[in-house]
Amino acid sequence: MLTPDLPGVGGRIKAELDDFAVEEIPAYEPSGTGDHVYLWVEKRDLSAEFFVRGLARRLGIPADDIGTAGLKDRHAVTRQWVSIPKIAEPRLNQIDGDGVKVLTVSRHTNKLKPGHLRGNRFNIVIRDADATQPERVQLILDRVRELGLPNYYGPQRFGRDGETADNGFRMIRGERLNAPPFRLKLYLSAAQSLLFNDCLARRLTDGLFRTVLTGDVMMKWPFGGIFNADDVAVEQERFDRRETVTAGPMFGKKTFAAKGVAAEREAAVLAANDLTPANLDRPGKWMSGTRRHNLVYVEDLSAAWDGPNLRLTFGLPAGSYATVLLREVMKADADAGEE
């Protein structure tokens, strides 16, 4: 945690459906022409899978023909782009209803695919929070603004009681599990995510959250090239100017390798989890590996009180979790699934 020394406000989230609103920040706007119809859709209290299946049924098309950029939480009001083939356009009047509403219709040249988004904007109400010392929240948010938010994966990534991640570790250690391919990939991804969190947590515990280490893997911010920190003094200056961030491992056989001290620290995490580099080869192409920003800078972060209720608004890059910020503010577990 970034602010363990600052008391939280407690409270509850998702007490009412409208308390958790997510709006997609697209990577690009539809051009207005092309063979794919783009729908700006609002959905309420619907899981991503149920939403896509229901949309496919109403339009009379296979679910695989529907494109989305990212998964969105069920217990929320969400707005996002969805693409459908133009053959389904005559049936658009079949969509609205049962928690779904089409707000805008456009066209584009390609199907919307996972990852085609810049991030998500959140509008979240924490109810029954401790409003007796409102300066607490400002101190927490000021630190997040200054230092960035640790880019942990939220607990929902690991399944109930960590079961999804546990299955992933079993696979990495060589055990064969009987499950559909998509679920096996989910298991492995959860295990990778837990190892990433472990690396990041050790960094914070050791006071190295904003320190560039010899051999660290660096990534340009907000996106761009990847390289090792050979000249630590130079790279620390670039990091401090927010030109780059350190990048933690999503372990796999093709993960961009750290060097020096950074590599030693990552090897220690594997050893602490009874793993060796050889284990990373076992899942093959299902766990090729990558790198993930250790921190993200939060856009337009603000807070407002309404009696005992606290409203937070902020934007996060794709793949970052609002639950991580909520935990800093509340100092309590925040059960919210989002990407």
# chains A, B, ... in the order shown; residues from 1 in each chain; ligands from 1
$ closest_atom_pairs --of "stretch 28-139 of chain A" --to "stretch 302-321 of chain A" --cutoff "9 Å" --atoms "only C-alpha atoms" --output "tab-separated table"
residue	atom	partner	partner_atom	distance
A:Gly70	CA	A:Ala318	CA	8.2
A:Gly115	CA	A:Ala318	CA	7.5
A:Leu117	CA	A:Ala318	CA	6.5
A:Arg118	CA	A:Ala318	CA	5.6
A:Gly119	CA	A:Ala318	CA	3.9
A:Asn120	CA	A:Leu316	CA	5.6
A:Arg121	CA	A:Gly315	CA	4.2
A:Phe122	CA	A:Phe314	CA	5.5
A:Asn123	CA	A:Thr313	CA	4.6
A:Ile124	CA	A:Leu312	CA	5.2
A:Val125	CA	A:Arg311	CA	4.4
A:Ile126	CA	A:Leu310	CA	5.0
A:Arg127	CA	A:Asn309	CA	4.4
A:Asp128	CA	A:Pro308	CA	5.0
A:Ala129	CA	A:Pro308	CA	5.4
A:Asp130	CA	A:Pro308	CA	6.5
A:Ala131	CA	A:Pro308	CA	5.6
A:Thr132	CA	A:Pro308	CA	8.8
A:Pro134	CA	A:Trp305	CA	8.2
A:Val137	CA	A:Ala303	CA	7.8
A:Gln138	CA	A:Ala303	CA	7.9
$ write_last_selection --atoms "C-alpha atoms" --output "short mmCIF file (atom, residue, chain, number, x, y, z; two decimals), in the first residue's frame"
data_model
loop_
_atom_site.label_atom_id
_atom_site.label_comp_id
_atom_site.auth_asym_id
_atom_site.auth_seq_id
_atom_site.Cartn_x
_atom_site.Cartn_y
_atom_site.Cartn_z
CA GLY A 70 -12.63 -4.46 -22.39
CA GLY A 115 -7.33 -3.78 -25.75
CA LEU A 117 -9.14 1.35 -25.26
CA ARG A 118 -6.98 3.94 -23.53
CA GLY A 119 -8.54 3.49 -20.14
CA ASN A 120 -11.65 3.93 -18.04
CA ARG A 121 -13.14 6.85 -16.17
CA PHE A 122 -14.74 6.10 -12.80
CA ASN A 123 -17.39 7.89 -10.77
CA ILE A 124 -17.73 6.09 -7.45
CA VAL A 125 -19.67 6.84 -4.27
CA ILE A 126 -18.40 5.53 -0.92
CA ARG A 127 -21.36 5.56 1.45
CA ASP A 128 -21.27 5.88 5.24
CA ALA A 129 -17.66 7.02 5.19
CA ASP A 130 -16.00 8.76 8.12
CA ALA A 131 -16.44 12.45 7.29
CA THR A 132 -15.18 13.76 10.64
CA PRO A 134 -12.06 15.23 5.55
CA VAL A 137 -8.79 12.00 1.98
CA GLN A 138 -6.90 14.97 0.59
#
$ residues_around --residues "A:Pro283" --least-positions-apart "3" --cutoff "9 Å" --atoms "only C-alpha atoms" --output "PyMOL selection string"
chain A and resi 171-172+174+188+252-253+279-280+286-288
$ atom_distance --atom1 "atom CA of A:Gly99" --atom2 "atom CA of A:Tyr28"
25.8 Å
$ select_by_dssp --residues "stretch 97-299 of chain A" --states "strand (DSSP E)" --output "VMD selection string"
chain A and resid 100 to 108 117 to 127 149 to 150 217 to 220 226 to 228 244 to 250 290 to 293 295 to 296 299
$ residues_around --residues "stretch 212-218 of chain A" --least-positions-apart "5" --cutoff "6 Å" --atoms "only C-alpha atoms" --output "ChimeraX atom specification"
/A:226-230,232,236,245-247,258-262
$ closest_residue --among "A:Leu177, A:Ala21, A:Ile61, A:Leu71" --to "A:Ile87" --atoms "only C-alpha atoms"
A:Ile61
$ atom_distance --atom1 "atom CA of A:Thr109" --atom2 "atom CA of A:Gly34"
4.1 Å
$ select_by_dssp --residues "stretch 94-171 of chain A" --states "alpha helix (DSSP H)" --output "list in words"
Glu135, Arg136, Val137, Gln138, Leu139, Ile140, Leu141, Asp142, Arg143, Val144, Arg145, Glu146, Leu147, Glu163, Thr164, Ala165, Asp166, Asn167, Gly168, Phe169, Arg170 and Met171 of chain A
$ write_last_selection --atoms "N, CA and C atoms" --output "CSV table (one decimal), in the first residue's frame"
chain,number,residue,atom,x,y,z
A,135,GLU,N,-9.8,16.0,5.8
A,135,GLU,CA,-8.4,16.2,5.3
A,135,GLU,C,-7.7,14.9,5.1
A,136,ARG,N,-8.2,13.9,5.7
A,136,ARG,CA,-7.5,12.5,5.5
A,136,ARG,C,-7.5,12.2,4.0
A,137,VAL,N,-8.7,12.4,3.4
A,137,VAL,CA,-8.8,12.0,2.0
A,137,VAL,C,-7.8,12.8,1.1
A,138,GLN,N,-7.8,14.1,1.4
A,138,GLN,CA,-6.9,15.0,0.6
A,138,GLN,C,-5.4,14.6,0.7
A,139,LEU,N,-5.0,14.2,1.9
A,139,LEU,CA,-3.7,13.7,2.1
A,139,LEU,C,-3.4,12.5,1.3
A,140,ILE,N,-4.3,11.6,1.3
A,140,ILE,CA,-4.1,10.3,0.5
A,140,ILE,C,-4.1,10.6,-1.0
A,141,LEU,N,-5.0,11.4,-1.4
A,141,LEU,CA,-5.1,11.7,-2.9
A,141,LEU,C,-3.9,12.6,-3.3
A,142,ASP,N,-3.4,13.5,-2.4
A,142,ASP,CA,-2.2,14.2,-2.8
A,142,ASP,C,-1.0,13.3,-3.0
A,143,ARG,N,-0.9,12.3,-2.1
A,143,ARG,CA,0.3,11.4,-2.3
A,143,ARG,C,0.1,10.6,-3.6
A,144,VAL,N,-1.1,10.1,-3.9
A,144,VAL,CA,-1.3,9.4,-5.1
A,144,VAL,C,-1.0,10.3,-6.3
A,145,ARG,N,-1.4,11.5,-6.3
A,145,ARG,CA,-1.1,12.5,-7.4
A,145,ARG,C,0.4,12.6,-7.6
A,146,GLU,N,1.1,12.8,-6.5
A,146,GLU,CA,2.5,13.0,-6.5
A,146,GLU,C,3.4,11.8,-6.9
A,147,LEU,N,3.0,10.7,-6.3
A,147,LEU,CA,3.9,9.5,-6.5
A,147,LEU,C,3.4,8.5,-7.5
A,163,GLU,N,-8.6,-19.3,-5.7
A,163,GLU,CA,-8.6,-20.6,-6.4
A,163,GLU,C,-8.0,-20.5,-7.8
A,164,THR,N,-8.4,-19.5,-8.5
A,164,THR,CA,-7.9,-19.4,-9.9
A,164,THR,C,-6.4,-19.3,-10.0
A,165,ALA,N,-5.8,-18.5,-9.1
A,165,ALA,CA,-4.3,-18.4,-9.1
A,165,ALA,C,-3.7,-19.7,-8.7
A,166,ASP,N,-4.3,-20.3,-7.7
A,166,ASP,CA,-3.8,-21.6,-7.2
A,166,ASP,C,-3.7,-22.6,-8.3
A,167,ASN,N,-4.7,-22.7,-9.1
A,167,ASN,CA,-4.7,-23.6,-10.3
A,167,ASN,C,-3.6,-23.2,-11.3
A,168,GLY,N,-3.4,-22.0,-11.4
A,168,GLY,CA,-2.3,-21.5,-12.3
A,168,GLY,C,-0.9,-22.0,-11.8
A,169,PHE,N,-0.7,-21.9,-10.5
A,169,PHE,CA,0.6,-22.3,-10.0
A,169,PHE,C,0.7,-23.9,-10.1
A,170,ARG,N,-0.4,-24.6,-10.0
A,170,ARG,CA,-0.3,-26.0,-10.2
A,170,ARG,C,0.1,-26.3,-11.6
A,171,MET,N,-0.4,-25.6,-12.6
A,171,MET,CA,0.0,-25.8,-14.0
A,171,MET,C,1.5,-25.5,-14.2
$ closest_residue --among "A:Ala201, A:Ala322, A:Leu17, A:Val234" --to "A:Val269" --atoms "only C-alpha atoms"
A:Ala201
$ atom_distance --atom1 "atom CA of A:Arg58" --atom2 "atom CA of A:Leu112"
19.1 Å
$ closest_residue --among "A:Asp231, A:Val105, A:Gly148, A:Ser31" --to "A:Glu299" --atoms "only C-alpha atoms"
A:Gly148
$ residues_around --residues "A:Leu204" --least-positions-apart "6" --cutoff "10 Å" --atoms "only C-alpha atoms" --output "VMD selection string"
chain A and resid 1 to 2 150 210 to 211
$ write_last_selection --atoms "N, CA and C atoms" --output "short mmCIF file (atom, residue, chain, number, x, y, z; two decimals), in the first residue's frame"
data_model
loop_
_atom_site.label_atom_id
_atom_site.label_comp_id
_atom_site.auth_asym_id
_atom_site.auth_seq_id
_atom_site.Cartn_x
_atom_site.Cartn_y
_atom_site.Cartn_z
N MET A 1 0.84 -1.19 0.00
CA MET A 1 0.00 0.00 0.00
C MET A 1 0.88 1.25 0.00
N LEU A 2 0.41 2.28 -0.68
CA LEU A 2 1.18 3.52 -0.80
C LEU A 2 1.02 4.40 0.44
N PRO A 150 0.31 2.48 -7.10
CA PRO A 150 0.84 1.13 -7.36
C PRO A 150 -0.12 0.36 -8.26
N ARG A 210 9.76 4.32 -5.98
CA ARG A 210 10.15 5.32 -6.97
C ARG A 210 11.67 5.38 -7.13
N THR A 211 12.33 4.25 -6.92
CA THR A 211 13.77 4.15 -7.10
C THR A 211 14.09 3.24 -8.27
#
$ residues_around --residues "A:Ala69" --least-positions-apart "6" --cutoff "9 Å" --atoms "only C-alpha atoms" --output "list in words"
Glu24, Pro26, Gln80, Trp81, Val82, Leu112, Lys113, Pro114, Gly115, His116 and Leu117 of chain A
$ write_last_selection --atoms "N, CA and C atoms" --output "PDB file, in the first residue's frame"
ATOM      1  N   GLU A  24     -15.859   3.999 -20.589  1.00  0.00           N
ATOM      2  CA  GLU A  24     -14.684   3.649 -21.359  1.00  0.00           C
ATOM      3  C   GLU A  24     -14.056   4.877 -22.021  1.00  0.00           C
ATOM      4  N   PRO A  26     -11.995   5.413 -25.143  1.00  0.00           N
ATOM      5  CA  PRO A  26     -11.582   4.606 -26.303  1.00  0.00           C
ATOM      6  C   PRO A  26     -10.192   4.985 -26.809  1.00  0.00           C
ATOM      7  N   GLN A  80     -19.760   1.929 -22.872  1.00  0.00           N
ATOM      8  CA  GLN A  80     -18.646   1.412 -23.655  1.00  0.00           C
ATOM      9  C   GLN A  80     -19.049   1.267 -25.116  1.00  0.00           C
ATOM     10  N   TRP A  81     -18.021   1.198 -25.971  1.00  0.00           N
ATOM     11  CA  TRP A  81     -18.247   0.918 -27.391  1.00  0.00           C
ATOM     12  C   TRP A  81     -18.364  -0.584 -27.616  1.00  0.00           C
ATOM     13  N   VAL A  82     -19.252  -0.937 -28.540  1.00  0.00           N
ATOM     14  CA  VAL A  82     -19.442  -2.317 -28.980  1.00  0.00           C
ATOM     15  C   VAL A  82     -19.528  -2.289 -30.499  1.00  0.00           C
ATOM     16  N   LEU A 112     -14.075  -4.041 -33.313  1.00  0.00           N
ATOM     17  CA  LEU A 112     -13.487  -3.661 -32.037  1.00  0.00           C
ATOM     18  C   LEU A 112     -12.906  -4.907 -31.369  1.00  0.00           C
ATOM     19  N   LYS A 113     -11.680  -4.790 -30.878  1.00  0.00           N
ATOM     20  CA  LYS A 113     -11.004  -5.948 -30.285  1.00  0.00           C
ATOM     21  C   LYS A 113     -10.540  -5.636 -28.867  1.00  0.00           C
ATOM     22  N   PRO A 114     -10.325  -6.681 -28.058  1.00  0.00           N
ATOM     23  CA  PRO A 114      -9.838  -6.450 -26.691  1.00  0.00           C
ATOM     24  C   PRO A 114      -8.555  -5.620 -26.704  1.00  0.00           C
ATOM     25  N   GLY A 115      -8.501  -4.640 -25.825  1.00  0.00           N
ATOM     26  CA  GLY A 115      -7.331  -3.775 -25.753  1.00  0.00           C
ATOM     27  C   GLY A 115      -7.455  -2.487 -26.525  1.00  0.00           C
ATOM     28  N   HIS A 116      -8.520  -2.353 -27.342  1.00  0.00           N
ATOM     29  CA  HIS A 116      -8.717  -1.126 -28.112  1.00  0.00           C
ATOM     30  C   HIS A 116      -9.345  -0.035 -27.235  1.00  0.00           C
ATOM     31  N   LEU A 117      -8.677   0.270 -26.125  1.00  0.00           N
ATOM     32  CA  LEU A 117      -9.139   1.347 -25.261  1.00  0.00           C
ATOM     33  C   LEU A 117      -7.944   1.945 -24.539  1.00  0.00           C
TER      34      LEU A 117
END
$ residues_around --residues "A:Gly60" --least-positions-apart "2" --cutoff "12 Å" --atoms "only C-alpha atoms" --output "list in words"
Val52, Arg53, Gly54, Leu55, Ala56, Arg57, Arg58, Pro62, Ala63, Asp64, Asp65, Ile66, Ile84, Pro85, Ile87, Ala88, Glu89, Pro90, Arg91, Leu92, Gln94 and Ile95 of chain A
$ residues_around --residues "A:Val41" --least-positions-apart "3" --cutoff "6 Å" --atoms "only C-alpha atoms" --output "number ranges by chain"
A: 79-80, 101-103
$ closest_residue --among "A:Thr68, A:Gln156, A:Asn294, A:Thr3" --to "A:Phe209" --atoms "only C-alpha atoms"
A:Asn294
